[in-house]
Amino acid sequence: MTSPQDLRFTKTHEWLRVDGDIATLGITDHAQNELGDITYLELPEAGDRLSQAQPFGIVESVKAASDIYAPVDGEVLERNDEVVEAPDLVNSSPYEKAWLIKVKLDDPGQLESLMGPAEYDTFADAASTH
């Protein structure tokens with residue numbers, strides 16, 4: 001597995017793409033593979049606040065329901081209503097069409113605690129073998 005090179009990753013399998021002080025968040029390809037067919041997403045509204053490492057949403061699949069964790073502190077600017085209406089986009093396009101929310105970063109320094117693509121790939125590969 002090779003993750004996109006322009007993303008940062010969490011140990012709870014969220015990704016984010018940063019453009020200035022705006023981060024776009026989603027669920028990794030590894031996570032959607034583990035979950036199976038995604039059937040439901042619950043996401044915050046614009047104006048809601050995120051706290052790093054705290055749940056901000058729920059993803060449900062045919063196998064399980066899981067919390068989605070915030071990689072950073074910030075304010076939700078936008079929610080991807082298309083993916084809420086068609087949650088299976090997470091399975092088919094986890095890094096492009098199935099972004100979940102856009103967040104204004106409170107502290108860009110928090111990005112330093114996240115994994116780069118090579119580090120995440122090693123982490124996800126190890127998680128798959130357990």
# chains A, B, ... in the order shown; residues from 1 in each chain; ligands from 1
$ residues_around --residues "Pro71 in chain A" --least-positions-apart "6" --cutoff "7 Å" --atoms "only C-alpha atoms" --output "PyMOL selection string"
chain A and resi 10+52-53
$ residues_around --residues "Lys104 in chain A" --least-positions-apart "2" --cutoff "12 Å" --atoms "only C-alpha atoms" --output "NGL selection string"
:A and (16-25 or 46-51 or 72-78 or 101-102 or 106-108)
$ closest_residue --among "A:Glu14, A:Ser3, A:Asp88, A:Tyr40" --to "Thr122 in chain A" --atoms "only C-alpha atoms"
A:Ser3
$ closest_residue --among "A:Glu34, A:Asp6, A:Asp67, A:Glu45" --to "Val84 in chain A" --atoms "only C-alpha atoms"
A:Glu45
$ select_by_dssp --residues "range 28-119 of chain A" --states "strand (DSSP E)" --output "number ranges by chain"
A: 38-42, 49-50, 55-61, 65-69, 74-79, 101-105
$ closest_residue --among "A:Met115, A:Leu43, A:Val90, A:Val62" --to "Thr28 in chain A" --atoms "only C-alpha atoms"
A:Val90
$ atom_distance --atom1 "CA of Gly116 in chain A" --atom2 "CA of Ile58 in chain A"
24.1 Å
$ select_by_dssp --residues "chain A" --states "alpha helix (DSSP H)" --output "PyMOL selection string"
chain A and resi 29-35+81-85+89-92+117-128
$ closest_residue --among "A:Pro55, A:Gln32, A:Ala118, A:Ala65" --to "Pro4 in chain A" --atoms "only C-alpha atoms"
A:Ala118
$ residues_around --residues "Val83 in chain A" --least-positions-apart "6" --cutoff "8 Å" --atoms "only C-alpha atoms" --output "list in words"
Leu41, Leu89, Val90, Lys97, Ala98, Trp99 and Leu100 of chain A
